[in-house]
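Source file: my_file_17.cif; contents: mmCIF, C-alpha atoms.
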data_input
loop_
_atom_site.label_atom_id
_atom_site.label_comp_id
_atom_site.auth_asym_id
_atom_site.auth_seq_id
_atom_site.Cartn_x
_atom_site.Cartn_y
_atom_site.Cartn_z
CA MET A 9 0.00 0.00 0.00
CA ASN A 10 1.53 3.30 -1.13
CA VAL A 11 0.15 6.01 1.19
CA ARG A 12 1.56 9.19 2.68
CA VAL A 13 0.56 11.75 5.29
CA ILE A 14 -0.19 15.22 3.87
CA ASP A 15 -1.12 18.64 5.22
CA LEU A 16 -4.78 19.31 4.42
CA THR A 17 -6.00 22.34 2.55
CA GLU A 18 -9.02 24.19 3.94
CA GLU A 19 -11.19 22.48 1.33
CA GLN A 20 -9.85 19.03 2.24
CA SER A 21 -10.42 19.72 5.93
CA GLU A 22 -14.04 20.68 5.22
CA TYR A 23 -14.42 17.48 3.17
CA ILE A 24 -13.19 15.35 6.09
CA ASP A 25 -15.62 17.10 8.46
CA ALA A 26 -18.48 16.53 6.01
CA GLN A 27 -17.60 12.84 5.68
CA LEU A 28 -17.66 12.40 9.45
CA GLN A 29 -21.07 14.11 9.60
CA ILE A 30 -22.40 11.72 6.95
CA TYR A 31 -21.08 8.75 8.91
CA ASP A 32 -22.49 10.07 12.20
CA LYS A 33 -26.00 10.39 10.70
CA GLU A 34 -26.30 6.62 11.10
CA TYR A 35 -26.11 7.11 14.87
CA ILE A 36 -27.38 10.65 15.44
CA LYS A 37 -30.87 11.02 13.99
CA TYR A 38 -31.54 14.69 14.81
CA ARG A 39 -30.01 18.04 13.97
CA LEU A 40 -27.17 19.33 16.10
CA ASP A 41 -27.95 22.99 16.24
CA GLY A 42 -28.15 25.50 18.97
CA CYS A 43 -25.75 27.43 21.08
CA VAL A 44 -25.64 29.63 24.14
CA GLN A 45 -23.53 32.77 23.92
CA ILE A 46 -24.19 35.06 26.85
CA GLY A 47 -22.35 37.81 28.66
CA ILE A 48 -22.63 40.26 31.52
CA GLU A 49 -22.01 43.96 31.02
CA LYS A 50 -21.34 46.71 33.50
CA GLU A 51 -21.57 50.30 32.29
CA GLY A 52 -21.30 49.12 28.69
CA LYS A 53 -18.19 47.00 29.31
CA LEU A 54 -18.25 43.21 28.90
CA ILE A 55 -17.02 41.76 32.20
CA ALA A 56 -18.03 38.10 31.89
CA GLY A 57 -19.14 35.66 29.25
CA LEU A 58 -19.91 32.07 28.32
CA ASN A 59 -19.93 30.19 25.01
CA ALA A 60 -21.50 26.75 24.59
CA TYR A 61 -22.86 24.70 21.71
CA MET A 62 -24.98 21.62 21.18
CA THR A 63 -23.17 18.36 20.43
CA ALA A 64 -24.16 14.74 19.84
CA PHE A 65 -26.91 13.19 21.92
CA LYS A 66 -28.27 16.60 22.91
CA ILE A 67 -25.33 17.42 25.16
CA LEU A 68 -24.43 21.08 25.47
CA TYR A 69 -20.63 21.55 25.51
CA VAL A 70 -19.35 24.59 27.40
CA ASP A 71 -16.42 25.89 25.40
CA SER A 72 -15.46 28.89 27.51
CA VAL A 73 -16.42 30.75 30.67
CA PHE A 74 -14.61 33.88 31.76
CA VAL A 75 -15.10 36.53 34.43
CA ALA A 76 -12.80 39.55 34.50
CA GLU A 77 -10.48 39.47 37.51
CA ASP A 78 -11.99 42.49 39.29
CA TYR A 79 -15.43 40.84 39.23
CA ARG A 80 -14.60 37.30 40.35
CA ARG A 81 -16.13 35.77 43.49
CA GLN A 82 -19.21 37.98 43.18
CA GLY A 83 -21.60 35.36 41.79
CA LEU A 84 -21.30 36.32 38.13
CA GLY A 85 -19.92 32.94 37.04
CA LYS A 86 -22.75 31.18 38.85
CA GLU A 87 -25.25 33.53 37.21
CA LEU A 88 -23.84 32.67 33.78
CA ILE A 89 -23.92 28.91 34.47
CA CYS A 90 -27.50 29.01 35.77
CA GLU A 91 -28.68 31.03 32.77
CA MET A 92 -26.82 28.68 30.41
CA GLU A 93 -28.48 25.63 32.01
CA GLN A 94 -31.94 27.19 31.54
CA ARG A 95 -31.21 28.01 27.91
CA ALA A 96 -29.74 24.53 27.37
CA LYS A 97 -33.02 23.01 28.54
CA GLY A 98 -34.83 25.28 26.10
CA LEU A 99 -32.64 23.92 23.30
CA GLY A 100 -33.57 20.37 24.32
CA ALA A 101 -30.26 19.51 25.95
CA ASN A 102 -30.32 16.76 28.57
CA MET A 103 -26.76 17.19 29.78
CA VAL A 104 -23.99 19.78 29.98
CA ARG A 105 -20.33 18.82 29.64
CA LEU A 106 -17.20 20.87 30.13
CA ASP A 107 -13.54 20.63 30.97
CA THR A 108 -11.28 22.80 33.08
CA PHE A 109 -7.65 23.02 34.14
CA ASP A 110 -6.64 22.89 37.80
CA TRP A 111 -5.96 26.66 37.95
CA GLN A 112 -9.37 27.50 36.49
CA GLY A 113 -12.72 26.37 37.88
CA TYR A 114 -12.39 22.90 39.40
CA GLU A 115 -13.98 23.71 42.78
CA PHE A 116 -16.42 26.15 41.16
CA TYR A 117 -17.99 23.50 38.91
CA LYS A 118 -18.14 20.95 41.73
CA SER A 119 -19.98 23.51 43.88
CA LEU A 120 -22.60 23.89 41.13
CA GLY A 121 -23.38 20.17 41.03
CA TYR A 122 -21.14 19.14 38.16
CA GLU A 123 -19.83 15.59 38.39
CA GLU A 124 -16.18 14.89 37.66
CA VAL A 125 -16.11 12.02 35.15
CA GLY A 126 -12.41 11.97 34.38
CA HIS A 127 -9.09 13.73 34.55
CA TYR A 128 -5.44 13.37 33.64
CA TYR A 129 -2.16 14.77 34.86
CA ASN A 130 0.45 16.12 32.47
CA ASP A 131 3.78 15.66 34.23
CA ILE A 132 5.74 17.50 31.53
CA TYR A 133 3.97 20.81 32.19
CA ASN A 134 2.67 19.97 35.69
CA PHE A 135 -1.08 20.47 35.28
CA HIS A 136 -4.34 18.55 35.66
CA GLU A 137 -7.32 18.71 33.32
CA TYR A 138 -10.74 17.68 34.62
CA PHE A 139 -13.88 16.64 32.75
CA PHE A 140 -17.35 17.32 34.16
CA VAL A 141 -20.98 16.56 33.29
CA LYS A 142 -24.30 17.59 34.73
CA ARG A 143 -27.65 16.09 33.84
CA ILE A 144 -30.25 18.82 33.44
#

Take the structure I supplied and represent it as structure tokens, if you would.
Amino acid sequence: MNVRVIDLTEEQSEYIDAQLQIYDKEYIKYRLDGCVQIGIEKEGKLIAGLNAYMTAFKILYVDSVFVAEDYRRQGLGKELICEMEQRAKGLGANMVRLDTFDWQGYEFYKSLGYEEVGHYYNDIYNFHEYFFVKRI
């Protein structure tokens, strides 16, 4: 077999994504659309935000959550998570999943009822990454 590894063009990358979607249709019988993109402003300035999108099996994946340093520990992160969970239900999600590094929100997510379902330790760079889910 004469094969070689190549760098994909943008068009080839889109083709691969499309082929995976075609394959997945055998297992996922509904559309995967919907997202939650919310923020909190103070005096016209964005001070916190959250991005999440629907994935397979109606699971909402939280891609990013951020609260500006001066506004942390004031309940804004919790407010974002609670609003996201309500909107996720409205989108038909049955679960939320997310991941976080040890210096980010490990204790925060646990305090909001998220269940740790896995983690790993990277001894080269000395960090942990944790994976959480919450049934909603």

Item to check | Selection result for the PyMOL selection byres ((chain A and resi 74-89) around 9) on this file, as a list in words | outcome: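 In the shown coordinates, the PyMOL selection byres ((chain A and resi 74-89) around 9) covers Ile46, Gly47, Ile48, Leu54, Ile55, Ala56, Gly57, Leu58, Ser72, Val73, Cys90, Glu91, Met92, Glu93, Gln94, Phe116 and Leu120 of chain A.
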
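In this model, the gap between CA of Lys142 (chain A) and CA of Leu28 (chain A) comes to 26.6 Å.
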
Item to check | Gap from CA of Val44 (chain A) to CA of His127 (chain A) - Å, one decimal | outcome: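 Rounded to one decimal, the two atoms are 25.2 Å apart.
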
Checklist entry - Hey, can you check how far CA of Tyr128 (chain A) sits from CA of Glu115 (chain A)? => result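 Calculated distance between CA of Tyr128 (chain A) and CA of Glu115 (chain A) is 16.2 Å.
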
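The closest residue to Thr63 (chain A), picked from A:Glu124, A:Glu18, A:Asp107, A:Asp41 and counting all atoms listed in the file, is A:Asp41.
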
Item to check | Polymer residues at most 12 Å from Glu137 (chain A), only C-alpha atoms, same-chain spacing of 6 or more positions, as a list in words | outcome: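 Listing them by chain and then by number gives Leu106, Asp107, Thr108, Phe109, Asp110, Trp111, Gln112, Gly113, Tyr114, Glu124, Val125, Gly126, His127, Tyr128, Tyr129, Asn130 and Asp131 of chain A.
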
Item to check | Which residue of A:Tyr138, A:Tyr133, A:Phe65, A:Tyr122 approaches Ile36 (chain A) most closely, using all atoms listed in the file | outcome: A:Phe65

Checklist entry - What does the PyMOL selection byres ((chain A and resi 70) around 7) select in this file, as number ranges by chain? => result A: 59-61, 68-69, 71-72, 105-106

Next on the checklist: Ranking A:Lys50, A:Phe135, A:Gln45, A:Gly121 by minimum distance to Ala96 (chain A) and counting only C-alpha atoms, which one comes first?
Outcome noted: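 Looking at the shortest contact to Ala96 (chain A), the residue is A:Gln45.
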
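Proximity to Ile144 (chain A) was assessed for A:Asp15, A:Asn102, A:Ser119, A:Ile132 counting only C-alpha atoms; the smallest distance is recorded for A:Asn102.
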
N, CA, C and O atoms of region 115-126 of chain A from block above, as a compact mmCIF listing (two decimals), in the first residue's frame:
# COMPACT_ATOMS: atom_id res chain seq x y z
N GLU A 115 -13.10 23.65 41.62
CA GLU A 115 -13.98 23.71 42.78
C GLU A 115 -15.30 24.42 42.44
O GLU A 115 -16.36 24.07 42.96
N PHE A 116 -15.23 25.41 41.58
CA PHE A 116 -16.42 26.15 41.16
C PHE A 116 -17.45 25.21 40.54
O PHE A 116 -18.61 25.22 40.94
N TYR A 117 -17.03 24.39 39.59
CA TYR A 117 -17.99 23.50 38.91
C TYR A 117 -18.52 22.43 39.87
O TYR A 117 -19.71 22.10 39.83
N LYS A 118 -17.67 21.93 40.74
CA LYS A 118 -18.14 20.95 41.73
C LYS A 118 -19.21 21.58 42.62
O LYS A 118 -20.21 20.94 42.95
N SER A 119 -19.02 22.84 43.00
CA SER A 119 -19.98 23.51 43.88
C SER A 119 -21.33 23.73 43.21
O SER A 119 -22.34 23.91 43.88
N LEU A 120 -21.36 23.69 41.88
CA LEU A 120 -22.60 23.89 41.13
C LEU A 120 -23.24 22.56 40.72
O LEU A 120 -24.17 22.55 39.92
N GLY A 121 -22.75 21.46 41.29
CA GLY A 121 -23.38 20.17 41.03
C GLY A 121 -22.84 19.41 39.84
O GLY A 121 -23.43 18.40 39.44
N TYR A 122 -21.74 19.86 39.27
CA TYR A 122 -21.14 19.14 38.16
C TYR A 122 -20.36 17.94 38.69
O TYR A 122 -19.68 18.04 39.71
N GLU A 123 -20.47 16.84 37.98
CA GLU A 123 -19.83 15.59 38.39
C GLU A 123 -18.54 15.38 37.61
O GLU A 123 -18.54 15.40 36.37
N GLU A 124 -17.45 15.19 38.32
CA GLU A 124 -16.18 14.89 37.66
C GLU A 124 -16.25 13.47 37.10
O GLU A 124 -16.50 12.52 37.82
N VAL A 125 -16.04 13.35 35.79
CA VAL A 125 -16.11 12.02 35.15
C VAL A 125 -14.76 11.57 34.62
O VAL A 125 -14.65 10.47 34.06
N GLY A 126 -13.74 12.37 34.81
CA GLY A 126 -12.41 11.97 34.38
C GLY A 126 -11.41 13.10 34.54
O GLY A 126 -11.79 14.26 34.72
